[in-house]
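Visitor: Sharing a structure with you now.
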Amino acid sequence: MTLGFTPPGAAEFSELIKKRLEEVKSAGGTRETATVEWNEQLLHVEVIDLPVAGLYFNPNTHRIRAQRSHDPALEKVLENDPYGAEGQGYLKFLLQAEPTDPNRRDPAFDKLKDDLKQFGQNDPGLVTHDGVLVNGNTRAAALREIGAQSMRVGVLPSSFTQEDINAVELSLQLRDDHRRDYSYINRLLAMEEQASLGRSPEAIAKVFRIRPHRYHQERWILSTIRDMIERSRSGGGVALRLVDFEDDQEKLKELHRAYEKLDAVDHDQAEAFKEIRMAGITLGFAKTAVRHIDEEFQSRYLERALPTTLNAATGEEESVTIPGLGVSVPGASSVVSAARALNDQILRAKAAAISVGSAVPDSQKQDAQALFDDAHKAFEAAIDAAERDARVRKRKQMAPARLAEACADIDQCVVDLVQARASRSLDEEAFDEAVLKLRDSLRKLAQQAGRGIPNPGDGVSWLIDAAAAEGS
């Protein structure tokens with residue numbers, strides 16, 4: 001039950017639940033139970049049939065926590081009246097929608113609906129004494145769509161607090177056998193909730209079946225996302241939403257790994273890199289494209305591609321005044337300030353361009369979209385240039401890399417030759433033919449290595465002399 005709110009008719013529904021529980025107990029025979037984990041113990045609860053139309057979707061479910069921000073107006077309705085018809089209708093809509101884009105219906109939901117229609121309900125849901133679903137919200141939405149009258153649910157003890165209910169839901173959803181994983185952002189929010197309860201990183205990592213360093217990575221990512229959302233907020237209160245980052249899981253993880261390496265060497269360089277990489281992610285570039293946005297991307301490629309409307313570099317270093325002392329100290333460097341200013345422009349432009357409702361006038365949306373498109377074109381041109389340079393560097397490194405591999409093969413050949421000779425299993429004719437092929441290959445290599453290198457090094461000089469001596 002949402003803190004401070006009680007579902008309409010909760011007392012009557014609670015009486016119905018008590019009556020059904022008594023009927024199950026007095027009927028005798030084998031009773032169905034559901035097993036849940038609570039406080040690291042197994043709790044067995046009775047399963048009964050309840051009218052599906054009378055059950056309430058759980059406003060606190062981690063299943064769609066991030067997706068609630070899809071429509072800010074309806075999210076506000078949900079916060080003020082979570083069990084009203086409009087709030088419950090919004091929850092039903094989100095339960096049927098794709099986690100990454102709530103505007104689209106989730107094919108997995110339709111598959112679940114067809115499965116329930118054909119085979120019925122296999123596993124019971126879980127409900128509070130007030131009739132709020134703790135587990136099985138998506139199933140309840142599907143059962144309503146197919147016209148089912150009742151739903152099998154396990155009933156949690158009436159003494160359970162909201163914290164107990166959240167813990168039970170989390171343990172159920174993180175089992176290996178759950179049908180539909182938490183979306184990425186909802187998983188981050190669930191970790192954040194556990195941390196707010198005072199649990200240690202080690203304990204939370206254990207619950208989520210990950211290593212502690214991965215837990216710290218996920219917390220850093222959520223903190224960064226929240227920072228981007230707050231900075232995207234403009235005059236009309238319009239901002240990006242948590243759901244806007246659902247598709248960026250791998251890109252954000254790669255960002256964190258690269259940021260940590262840079263931060264260990266140069267904090268300002270790491271901060272500037274984070275801002276520009278996040279701008280690329282906000283613009284929607286693919287993971288393979290975003291990888292080209294490194295610590296040199298801004299100065300080497302992006303600055304010359306940016307139009308004047310987006311080139312926010314000031315060349316001045318920020319200063320920060322210490323409260324109470326009136327002393328100014330150096331703040332972020334000009335490079336960081338420029339990267340941050342550019343990222344802020346892109347964040348706000350995207351937030352305004354994708355906003356729903358009338359919070360942003362159409363003319364402002366068009367201006368925001370135009371700025372966003374300009375930024376996308378500039379980043380695309382800069383990424384293309386970086387990618388071309390990367391291909392050139394790769395070609396430059398290809399020949400030395402192949403030669404290093406050949407050396408490793410020859411070293412292994414020495415070992416194989418000694419072993420074959422010791423066991424008297426060497427095919428001398430085949431070995432001799434292979435050596436002749438090596439001689440021809442070295443001649444070709446020497447011929448090409450001698451071209452276009454006016455001052456060859458010791459290695460190339462030896463190769464050319466050896467080939468010439470062997471030829472004479």
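Every chain in the structure tokens takes a letter, A first, then B, and so on in the order presented; its residues are numbered from 1, and the ligands are numbered from 1 following the presented order.
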Would you kindly return, as a PyMOL selection string, each protein, DNA or RNA residue with an atom no farther than 9 Å from any atom of segment 60-69 of chain A, considering only C-alpha atoms and excluding same-chain residues fewer than 6 positions away?
Guide: chain A and resi 1-2+75+78+90-91+94-95+99-102+133-135+137-138+166+169-170+173+181-183+185-187+189-190+240-243+246
Visitor: Contacts of Ala258 of chain A at 9 Å or less, counting only C-alpha atoms, minus same-chain residues fewer than 6 places along, as JSON, numbers by chain?
Guide: {"A": [270, 273, 274, 294]}
Visitor: Keeping only C-alpha atoms, write those residues as a PDB file, in the first residue's frame.
Guide:
```
ATOM      1  CA  ALA A 270      37.751  13.009 -17.432  1.00  0.00           C
ATOM      2  CA  PHE A 273      35.192  13.619 -21.755  1.00  0.00           C
ATOM      3  CA  LYS A 274      32.089  12.622 -19.744  1.00  0.00           C
ATOM      4  CA  ASP A 294      37.360   9.966 -26.571  1.00  0.00           C
TER       5      ASP A 294
END
```
Visitor: So how many Å separate atom CA of Ala390 of chain A and atom CA of His292 of chain A, to one decimal?
Guide: 8.3 Å
Visitor: Work out how far apart atom CA of Gln397 of chain A and atom CA of Glu470 of chain A are and give it in Å to one decimal.
Guide: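 A separation of 28.4 Å between them.
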